[in-house]
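Raw contents of upload_29.json, JSON, C-alpha atoms:
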```json
[["chain", "number", "residue", "atom", "x", "y", "z"],
["J", 15, "MET", "CA", -186.90, 236.12, -98.60],
["J", 16, "LYS", "CA", -186.54, 239.72, -99.90],
["J", 17, "ILE", "CA", -184.04, 242.10, -98.27],
["J", 18, "ARG", "CA", -186.88, 244.54, -97.55],
["J", 19, "THR", "CA", -188.81, 241.83, -95.72],
["J", 20, "VAL", "CA", -185.74, 240.88, -93.69],
["J", 21, "GLY", "CA", -185.27, 244.53, -92.75],
["J", 22, "ARG", "CA", -188.89, 244.74, -91.67],
["J", 23, "HIS", "CA", -188.53, 241.64, -89.47],
["J", 24, "ALA", "CA", -185.32, 243.04, -87.93],
["J", 25, "ARG", "CA", -187.02, 246.37, -87.13],
["J", 26, "GLU", "CA", -190.02, 244.61, -85.59],
["J", 27, "SER", "CA", -187.79, 242.42, -83.41],
["J", 28, "ILE", "CA", -185.80, 245.45, -82.19],
["J", 29, "LYS", "CA", -189.04, 247.38, -81.47],
["J", 30, "SER", "CA", -190.31, 244.45, -79.44],
["J", 31, "ILE", "CA", -187.09, 244.36, -77.40],
["J", 32, "THR", "CA", -187.26, 248.11, -76.63],
["J", 33, "ARG", "CA", -191.03, 247.99, -75.97],
["J", 34, "ASN", "CA", -190.74, 245.19, -73.40],
["J", 35, "GLY", "CA", -187.92, 246.76, -71.42],
["J", 36, "TRP", "CA", -188.18, 244.82, -68.18],
["J", 37, "MET", "CA", -188.68, 241.47, -69.87],
["J", 38, "THR", "CA", -185.74, 242.20, -72.15],
["J", 39, "PHE", "CA", -183.62, 243.09, -69.12],
["J", 40, "ALA", "CA", -184.68, 239.88, -67.37],
["J", 41, "SER", "CA", -183.89, 237.73, -70.42],
["J", 42, "VAL", "CA", -180.55, 239.36, -71.14],
["J", 43, "SER", "CA", -179.63, 239.11, -67.45],
["J", 44, "ALA", "CA", -180.54, 235.42, -67.41],
["J", 45, "VAL", "CA", -178.40, 234.74, -70.48],
["J", 46, "THR", "CA", -175.58, 236.89, -69.06],
["J", 47, "VAL", "CA", -175.47, 235.03, -65.73],
["J", 48, "THR", "CA", -175.73, 231.68, -67.50],
["J", 49, "LEU", "CA", -172.95, 232.46, -69.98],
["J", 50, "ILE", "CA", -170.69, 233.84, -67.24],
["J", 51, "LEU", "CA", -171.04, 230.51, -65.41],
["J", 52, "VAL", "CA", -170.67, 228.55, -68.66],
["J", 53, "GLY", "CA", -167.63, 230.64, -69.62],
["J", 54, "VAL", "CA", -165.94, 230.19, -66.24],
["J", 55, "PHE", "CA", -166.60, 226.43, -66.28],
["J", 56, "PHE", "CA", -165.40, 226.24, -69.89],
["J", 57, "VAL", "CA", -162.15, 228.13, -69.16],
["J", 58, "ILE", "CA", -161.45, 225.97, -66.11],
["J", 59, "MET", "CA", -162.35, 222.79, -68.00],
["J", 60, "MET", "CA", -160.13, 223.59, -70.98],
["J", 61, "ASN", "CA", -157.16, 224.39, -68.74],
["J", 62, "LEU", "CA", -157.74, 221.26, -66.67],
["J", 63, "ASN", "CA", -157.95, 219.34, -69.93],
["J", 64, "ARG", "CA", -154.58, 220.83, -70.95],
["J", 65, "VAL", "CA", -153.05, 219.72, -67.63],
["J", 66, "ALA", "CA", -154.68, 216.28, -67.99],
["J", 67, "GLN", "CA", -153.28, 215.89, -71.52],
["J", 68, "THR", "CA", -149.81, 216.84, -70.26],
["J", 69, "ILE", "CA", -150.05, 214.26, -67.48],
["J", 70, "GLU", "CA", -151.42, 211.65, -69.89],
["J", 71, "GLU", "CA", -148.58, 212.28, -72.34],
["J", 72, "ASP", "CA", -146.06, 211.74, -69.52],
["J", 73, "VAL", "CA", -147.49, 208.31, -68.72],
["J", 74, "GLU", "CA", -145.04, 205.70, -69.96],
["J", 75, "ILE", "CA", -144.26, 202.02, -69.57],
["J", 76, "ARG", "CA", -140.77, 201.14, -68.33],
["J", 77, "VAL", "CA", -139.75, 197.67, -69.44],
["J", 78, "HIS", "CA", -136.77, 196.38, -67.40],
["J", 79, "ILE", "CA", -134.76, 193.98, -69.55],
["J", 80, "ASP", "CA", -133.53, 190.73, -68.03],
["J", 81, "PHE", "CA", -129.79, 190.64, -67.26],
["J", 82, "ALA", "CA", -129.56, 187.38, -69.25],
["J", 83, "ALA", "CA", -130.54, 189.12, -72.49],
["J", 84, "ASN", "CA", -127.74, 189.88, -74.98],
["J", 85, "LYS", "CA", -127.89, 192.54, -77.72],
["J", 86, "GLN", "CA", -129.73, 190.24, -80.14],
["J", 87, "ASP", "CA", -132.26, 189.31, -77.45],
["J", 88, "GLN", "CA", -132.83, 192.99, -76.68],
["J", 89, "GLN", "CA", -133.43, 193.80, -80.35],
["J", 90, "ALA", "CA", -135.82, 190.85, -80.64],
["J", 91, "LEU", "CA", -137.74, 192.09, -77.59],
["J", 92, "LYS", "CA", -137.95, 195.58, -79.10],
["J", 93, "ARG", "CA", -139.39, 194.18, -82.34],
["J", 94, "GLU", "CA", -142.00, 192.21, -80.42],
["J", 95, "ILE", "CA", -143.04, 195.30, -78.45],
["J", 96, "GLU", "CA", -143.27, 197.39, -81.64],
["J", 97, "LYS", "CA", -145.62, 194.79, -83.12],
["J", 98, "ILE", "CA", -148.24, 195.60, -80.47],
["J", 99, "PRO", "CA", -150.84, 197.76, -82.33],
["J", 100, "GLU", "CA", -151.33, 200.26, -79.47],
["J", 101, "VAL", "CA", -147.60, 201.07, -79.17],
["J", 102, "LYS", "CA", -146.48, 204.47, -80.46],
["J", 103, "SER", "CA", -142.73, 204.40, -79.73],
["J", 104, "VAL", "CA", -140.03, 202.31, -78.04],
["J", 105, "THR", "CA", -136.89, 204.04, -76.74],
["J", 106, "PHE", "CA", -133.84, 202.28, -75.32],
["J", 107, "SER", "CA", -132.35, 203.61, -72.08],
["J", 108, "PRO", "CA", -129.06, 201.92, -71.08],
["J", 109, "LYS", "CA", -128.40, 201.14, -67.44],
["J", 110, "THR", "CA", -125.67, 203.82, -67.28],
["J", 111, "LYS", "CA", -128.26, 206.46, -68.14],
["J", 112, "GLU", "CA", -130.71, 204.93, -65.66],
["J", 113, "LEU", "CA", -128.09, 205.26, -62.91],
["J", 114, "ASP", "CA", -127.38, 208.89, -63.86],
["J", 115, "ASN", "CA", -131.11, 209.66, -63.73],
["J", 116, "LEU", "CA", -131.40, 208.01, -60.32],
["J", 117, "VAL", "CA", -128.45, 210.02, -58.95],
["J", 118, "LYS", "CA", -129.94, 213.31, -60.29],
["J", 119, "SER", "CA", -133.43, 212.56, -58.96],
["J", 120, "LEU", "CA", -132.13, 212.00, -55.41],
["J", 121, "GLY", "CA", -130.05, 215.18, -55.30],
["J", 122, "GLU", "CA", -127.44, 215.17, -52.53],
["J", 123, "ASP", "CA", -128.53, 211.72, -51.36],
["J", 124, "GLY", "CA", -127.93, 210.36, -54.84],
["J", 125, "LYS", "CA", -124.16, 210.87, -54.65],
["J", 126, "ALA", "CA", -123.91, 207.65, -52.65],
["J", 127, "PHE", "CA", -125.08, 205.69, -55.71],
["J", 128, "LYS", "CA", -122.07, 206.84, -57.74],
["J", 129, "LEU", "CA", -120.20, 204.02, -56.04],
["J", 130, "PHE", "CA", -122.15, 201.64, -58.30],
["J", 131, "GLU", "CA", -120.82, 203.14, -61.54],
["J", 132, "GLN", "CA", -118.30, 200.31, -61.97],
["J", 133, "ASP", "CA", -120.73, 197.58, -60.96],
["J", 134, "ASN", "CA", -124.12, 198.91, -62.06],
["J", 135, "PRO", "CA", -126.97, 196.86, -60.52],
["J", 136, "LEU", "CA", -129.69, 198.46, -62.67],
["J", 137, "ASN", "CA", -131.35, 196.98, -65.76],
["J", 138, "ASP", "CA", -131.33, 198.31, -69.28],
["J", 139, "VAL", "CA", -134.79, 199.72, -69.96],
["J", 140, "TYR", "CA", -137.16, 200.16, -72.87],
["J", 141, "ILE", "CA", -139.40, 203.21, -72.45],
["J", 142, "VAL", "CA", -142.68, 202.53, -74.24],
["J", 143, "LYS", "CA", -145.25, 205.17, -75.21],
["J", 144, "THR", "CA", -148.76, 204.19, -76.29],
["J", 145, "LYS", "CA", -150.86, 205.87, -78.99],
["J", 146, "LYS", "CA", -153.60, 206.44, -76.41],
["J", 147, "PRO", "CA", -152.67, 206.92, -72.73],
["J", 148, "THR", "CA", -155.66, 204.79, -71.73],
["J", 149, "ASP", "CA", -154.06, 201.79, -73.49],
["J", 150, "THR", "CA", -151.14, 201.83, -71.02],
["J", 151, "MET", "CA", -152.45, 199.08, -68.75],
["J", 152, "LYS", "CA", -153.41, 196.79, -71.64],
["J", 153, "VAL", "CA", -150.03, 197.19, -73.36],
["J", 154, "ALA", "CA", -148.15, 196.64, -70.08],
["J", 155, "LYS", "CA", -149.91, 193.30, -69.57],
["J", 156, "LYS", "CA", -149.00, 192.19, -73.10],
["J", 157, "ILE", "CA", -145.33, 193.14, -72.62],
["J", 158, "GLU", "CA", -145.13, 191.22, -69.34],
["J", 159, "LYS", "CA", -145.66, 187.99, -71.31],
["J", 160, "GLU", "CA", -142.64, 188.57, -73.58],
["J", 161, "ASN", "CA", -139.29, 186.81, -73.17],
["J", 162, "PHE", "CA", -136.39, 188.56, -71.39],
["J", 163, "VAL", "CA", -138.69, 190.96, -69.51],
["J", 164, "ALA", "CA", -137.57, 191.27, -65.87],
["J", 165, "LYS", "CA", -140.42, 193.55, -64.80],
["J", 166, "VAL", "CA", -142.79, 196.17, -66.17],
["J", 167, "LYS", "CA", -143.53, 199.45, -64.40],
["J", 168, "TYR", "CA", -146.16, 202.02, -65.34],
["J", 169, "GLY", "CA", -147.45, 203.35, -62.02],
["J", 170, "GLN", "CA", -149.93, 200.54, -61.53],
["J", 171, "GLY", "CA", -152.87, 201.60, -59.38],
["J", 172, "LYS", "CA", -152.06, 205.33, -59.61],
["J", 173, "VAL", "CA", -152.49, 205.47, -63.40],
["J", 174, "GLU", "CA", -155.93, 203.83, -63.27],
["J", 175, "LYS", "CA", -157.07, 206.30, -60.59],
["J", 176, "LEU", "CA", -155.67, 209.21, -62.59],
["J", 177, "PHE", "CA", -157.58, 208.26, -65.74],
["J", 178, "LYS", "CA", -160.79, 207.75, -63.72],
["J", 179, "PHE", "CA", -160.42, 211.18, -62.10],
["J", 180, "ILE", "CA", -159.76, 212.89, -65.44],
["J", 181, "LYS", "CA", -162.77, 211.19, -67.03],
["J", 182, "ALA", "CA", -165.05, 212.06, -64.09],
["J", 183, "SER", "CA", -163.91, 215.73, -64.12],
["J", 184, "ARG", "CA", -164.64, 216.06, -67.84],
["J", 185, "ASN", "CA", -168.06, 214.43, -67.50],
["J", 186, "VAL", "CA", -169.06, 216.66, -64.55],
["J", 187, "GLY", "CA", -168.01, 219.79, -66.46],
["J", 188, "ILE", "CA", -169.99, 218.76, -69.55],
["J", 189, "VAL", "CA", -173.12, 218.00, -67.48],
["J", 190, "LEU", "CA", -172.92, 221.39, -65.70],
["J", 191, "ILE", "CA", -172.52, 223.30, -68.97],
["J", 192, "ILE", "CA", -175.44, 221.44, -70.60],
["J", 193, "GLY", "CA", -177.61, 222.09, -67.51],
["J", 194, "LEU", "CA", -176.86, 225.83, -67.59],
["J", 195, "PHE", "CA", -177.43, 225.91, -71.35],
["J", 196, "PHE", "CA", -180.96, 224.49, -71.03],
["J", 197, "THR", "CA", -181.75, 226.78, -68.08],
["J", 198, "ALA", "CA", -181.03, 229.81, -70.27],
["J", 199, "ILE", "CA", -183.13, 228.37, -73.10],
["J", 200, "PHE", "CA", -186.06, 227.94, -70.69],
["J", 201, "LEU", "CA", -185.79, 231.57, -69.50],
["J", 202, "ILE", "CA", -185.58, 232.96, -73.05],
["J", 203, "SER", "CA", -188.51, 230.75, -74.06],
["J", 204, "ASN", "CA", -190.68, 232.18, -71.28],
["J", 205, "THR", "CA", -189.79, 235.75, -72.28],
["J", 206, "ILE", "CA", -190.74, 235.15, -75.91],
["J", 207, "LYS", "CA", -193.93, 233.41, -74.75],
["J", 208, "ILE", "CA", -195.00, 236.49, -72.76],
["J", 209, "THR", "CA", -194.25, 238.67, -75.80],
["J", 210, "ILE", "CA", -196.41, 236.43, -77.99],
["J", 211, "ILE", "CA", -199.31, 236.53, -75.51],
["J", 212, "ALA", "CA", -199.09, 240.34, -75.33],
["J", 213, "ARG", "CA", -199.20, 240.59, -79.14],
["J", 214, "ARG", "CA", -201.88, 238.01, -79.86],
["J", 215, "ARG", "CA", -204.35, 240.59, -81.12],
["J", 216, "GLU", "CA", -201.76, 242.06, -83.48],
["J", 217, "ILE", "CA", -200.88, 238.54, -84.68],
["J", 218, "LYS", "CA", -204.55, 237.74, -85.37],
["J", 219, "ILE", "CA", -204.92, 240.90, -87.45],
["J", 220, "MET", "CA", -201.76, 240.02, -89.41],
["J", 221, "ARG", "CA", -203.18, 236.55, -90.02],
["J", 222, "LEU", "CA", -206.51, 238.00, -91.25],
["J", 223, "VAL", "CA", -204.78, 240.22, -93.81],
["J", 224, "GLY", "CA", -202.94, 237.23, -95.27],
["J", 225, "ALA", "CA", -199.61, 237.03, -93.38],
["J", 226, "THR", "CA", -198.03, 233.57, -93.55],
["J", 227, "ASN", "CA", -196.89, 231.63, -90.51],
["J", 228, "SER", "CA", -193.21, 232.16, -91.35],
["J", 229, "PHE", "CA", -193.77, 235.92, -91.82],
["J", 230, "ILE", "CA", -195.24, 236.16, -88.32],
["J", 231, "ARG", "CA", -192.64, 233.91, -86.71],
["J", 232, "TRP", "CA", -189.47, 235.54, -88.09],
["J", 233, "PRO", "CA", -189.51, 238.66, -85.80],
["J", 234, "PHE", "CA", -189.70, 236.35, -82.75],
["J", 235, "PHE", "CA", -186.77, 234.29, -83.97],
["J", 236, "LEU", "CA", -184.72, 237.44, -84.51],
["J", 237, "GLU", "CA", -185.79, 238.78, -81.12],
["J", 238, "GLY", "CA", -184.42, 235.64, -79.47],
["J", 239, "LEU", "CA", -181.21, 236.00, -81.49],
["J", 240, "TRP", "CA", -180.68, 239.62, -80.33],
["J", 241, "LEU", "CA", -181.42, 238.70, -76.69],
["J", 242, "GLY", "CA", -178.88, 235.88, -76.84],
["J", 243, "ILE", "CA", -176.17, 238.02, -78.45],
["J", 244, "LEU", "CA", -176.77, 240.92, -76.03],
["J", 245, "GLY", "CA", -176.51, 238.47, -73.14],
["J", 246, "SER", "CA", -173.10, 237.27, -74.35],
["J", 247, "ILE", "CA", -171.39, 240.69, -74.43],
["J", 248, "LEU", "CA", -170.80, 241.17, -70.69],
["J", 249, "PRO", "CA", -169.59, 237.58, -70.09],
["J", 250, "ILE", "CA", -167.03, 237.98, -72.91],
["J", 251, "ILE", "CA", -165.71, 241.23, -71.42],
["J", 252, "LEU", "CA", -165.54, 239.91, -67.84],
["J", 253, "ILE", "CA", -163.97, 236.55, -68.76],
["J", 254, "SER", "CA", -161.42, 238.19, -71.09],
["J", 255, "ILE", "CA", -160.29, 240.64, -68.38],
["J", 256, "ALA", "CA", -160.26, 237.97, -65.65],
["J", 257, "TYR", "CA", -158.30, 235.47, -67.77],
["J", 258, "TYR", "CA", -155.80, 238.12, -68.89],
["J", 259, "ARG", "CA", -155.06, 239.02, -65.26],
["J", 260, "ALA", "CA", -154.97, 235.37, -64.16],
["J", 261, "TYR", "CA", -152.62, 234.46, -67.03],
["J", 262, "ASP", "CA", -150.39, 237.46, -66.30],
["J", 263, "TYR", "CA", -150.24, 236.70, -62.55],
["J", 264, "ILE", "CA", -150.31, 232.88, -62.37],
["J", 265, "GLY", "CA", -148.50, 232.05, -65.64],
["J", 266, "PRO", "CA", -144.97, 233.10, -64.54],
["J", 267, "LYS", "CA", -145.35, 231.24, -61.22],
["J", 268, "LEU", "CA", -146.07, 227.98, -63.06],
["J", 269, "GLU", "CA", -142.97, 228.13, -65.26],
["J", 270, "GLY", "CA", -140.84, 225.02, -64.87],
["J", 271, "THR", "CA", -143.80, 222.89, -63.77],
["J", 272, "PHE", "CA", -145.98, 220.51, -65.80],
["J", 273, "ILE", "CA", -148.94, 222.87, -65.26],
["J", 274, "LYS", "CA", -149.30, 225.46, -68.01],
["J", 275, "LEU", "CA", -152.25, 227.75, -68.73],
["J", 276, "LEU", "CA", -153.56, 228.00, -72.28],
["J", 277, "PRO", "CA", -152.09, 231.15, -73.90],
["J", 278, "PHE", "CA", -154.34, 234.22, -73.79],
["J", 279, "ASP", "CA", -154.20, 234.58, -77.57],
["J", 280, "PRO", "CA", -155.93, 232.78, -79.27],
["J", 281, "PHE", "CA", -157.71, 231.01, -76.37],
["J", 282, "VAL", "CA", -159.79, 234.02, -75.20],
["J", 283, "TYR", "CA", -160.87, 234.81, -78.77],
["J", 284, "GLN", "CA", -161.97, 231.20, -79.21],
["J", 285, "VAL", "CA", -163.94, 231.37, -75.94],
["J", 286, "SER", "CA", -165.51, 234.67, -77.06],
["J", 287, "GLY", "CA", -166.63, 233.13, -80.34],
["J", 288, "ILE", "CA", -168.10, 230.14, -78.52],
["J", 289, "LEU", "CA", -169.99, 232.38, -76.06],
["J", 290, "ILE", "CA", -171.48, 234.50, -78.87],
["J", 291, "LEU", "CA", -172.48, 231.35, -80.73],
["J", 292, "MET", "CA", -173.99, 229.84, -77.56],
["J", 293, "GLY", "CA", -175.85, 233.06, -76.78],
["J", 294, "ALA", "CA", -177.30, 233.20, -80.30],
["J", 295, "LEU", "CA", -178.20, 229.51, -80.19],
["J", 296, "ILE", "CA", -179.84, 229.84, -76.77],
["J", 297, "GLY", "CA", -181.90, 232.80, -77.97],
["J", 298, "VAL", "CA", -183.03, 231.26, -81.26],
["J", 299, "TRP", "CA", -183.78, 227.87, -79.72],
["J", 300, "GLY", "CA", -185.78, 229.51, -76.92],
["J", 301, "SER", "CA", -187.77, 231.42, -79.51],
["J", 302, "VAL", "CA", -188.42, 228.33, -81.61],
["J", 303, "MET", "CA", -189.70, 226.45, -78.58],
["J", 304, "SER", "CA", -192.07, 229.28, -77.63],
["J", 305, "VAL", "CA", -193.36, 229.94, -81.13],
["J", 306, "ARG", "CA", -194.03, 226.28, -81.85],
["J", 307, "LYS", "CA", -195.83, 225.72, -78.57],
["J", 308, "PHE", "CA", -197.71, 228.97, -77.99],
["J", 309, "LEU", "CA", -198.20, 230.74, -81.31],
["J", 310, "ARG", "CA", -201.54, 229.58, -82.68],
["J", 311, "VAL", "CA", -201.93, 230.93, -86.19]]
```

For the file at hand, write its structure as structure tokens.
Amino acid sequence: MKIRTVGRHARESIKSITRNGWMTFASVSAVTVTLILVGVFFVIMMNLNRVAQTIEEDVEIRVHIDFAANKQDQQALKREIEKIPEVKSVTFSPKTKELDNLVKSLGEDGKAFKLFEQDNPLNDVYIVKTKKPTDTMKVAKKIEKENFVAKVKYGQGKVEKLFKFIKASRNVGIVLIIGLFFTAIFLISNTIKITIIARRREIKIMRLVGATNSFIRWPFFLEGLWLGILGSILPIILISIAYYRAYDYIGPKLEGTFIKLLPFDPFVYQVSGILILMGALIGVWGSVMSVRKFLRV
């Protein structure tokens, strides 16, 4: 396609947008509202996903070694655990360290356990990390069958519920975003349809003088593109300002906890790029749907 022809299509699409002021406003508003909702859901989802990943990474299997096991038995057990395909790492934690951790975790009440330093009743422990957090339960069951394993702990019951909750949250967020996405496409499609109906006479004349289907369709595609991009500007501004203030206010309060917000830079720029891309895609797709269905040339 020649540059001059592209310029002509661009001018026609811009004229159409300015000519149909109210319809343009309605379409841009629809995309704006949709992308604000999509952007808010996306920001929340990505931060929840960050928290979920942090929690998932902290899930570990604690293998309590039988008191009867000597050093060779412990090393043999470690090798057997490392042979399990889903295992990422195996770390040894001696019972002295386990007692220190117990004392620290209980604070003032833990001082009473210092009496056991000479006669430590705790087991040596292997801390096992899996390649995928969801493999935790499966790996734990395999380890339970090994020799010299006193017991295996991984938060049974709670871990399963956690993974189910995380999965359900992600699925709900994806469904909501897809639903909003198609709502915006439908609204843009209707706007382009009305524009096509209003310009049917002009389109017929263009067809009579030899204009091809693609020549007639291109201005509508570009019109949808502009509507989508225009609709993404306000959501980007609002979400960037809101996230900056939220990050500045909430971020310091979460220091020292496992909950951390995604850093403003580059997260907001990534979200902005996604919103522009979504706006453009919504607009073009809406135009394609309308042109294919309602443009009879």

Pick from J:Val54, J:Leu194, J:Ala40, J:Ala164, whichever lies nearest to Leu91 in chain J using only C-alpha atoms: J:Ala164

Distance query 8 Å from (-141.9, 200.7, -73.9) using only C-alpha atoms, result as a list in words: Glu74, Ile75, Arg76, Val77, Ile95, Val101, Ser103, Val104, Thr105, Tyr140, Ile141, Val142 and Lys143 of chain J

Spatial neighbours of range 234-244 of chain J, max dist 6 Å, all atoms listed in the file, sep filter under 3 positions, as number ranges by chain: J: 27, 42, 231, 247, 290, 293-294, 297-298, 301

Within 7 Å of (-131.1, 202.4, -63.0), in the coordinates the file gives, what residues turn up when you count all atoms listed in the file, written out as a PDB file with C-alpha atoms, keeping the file's coordinate frame?
```
ATOM      1  CA  LYS J 109    -128.400 201.140 -67.440  1.00  0.00           C
ATOM      2  CA  GLU J 112    -130.710 204.930 -65.660  1.00  0.00           C
ATOM      3  CA  LEU J 113    -128.090 205.260 -62.910  1.00  0.00           C
ATOM      4  CA  LEU J 116    -131.400 208.010 -60.320  1.00  0.00           C
ATOM      5  CA  LEU J 136    -129.690 198.460 -62.670  1.00  0.00           C
ATOM      6  CA  ASN J 137    -131.350 196.980 -65.760  1.00  0.00           C
TER       7      ASN J 137
END
```

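In terms of minimum interatomic distance to Thr46 in chain J, J:Met292 ranks closest within J:Met151, J:Val302, J:Leu176, J:Met292, counting all atoms listed in the file.
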
Nearest residue to Pro135 in chain J from the set J:Phe281, J:Phe81, J:Phe56, J:Tyr257 (distances using all atoms listed in the file): J:Phe81

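Our summary of the geometry notes that CA of Gly53 in chain J is positioned 7.4 Å from CA of Val285 in chain J.
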
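Distance annotation: of J:Thr197, J:Arg215, J:Thr226, J:Ile191, the residue with the minimal separation from Val57 in chain J is J:Ile191; atom set is all atoms listed in the file.
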
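If all atoms listed in the file are the atoms counted, then among J:Phe162, J:Phe278, J:Tyr263, J:Trp299 the closest residue to Asn204 in chain J is J:Trp299.
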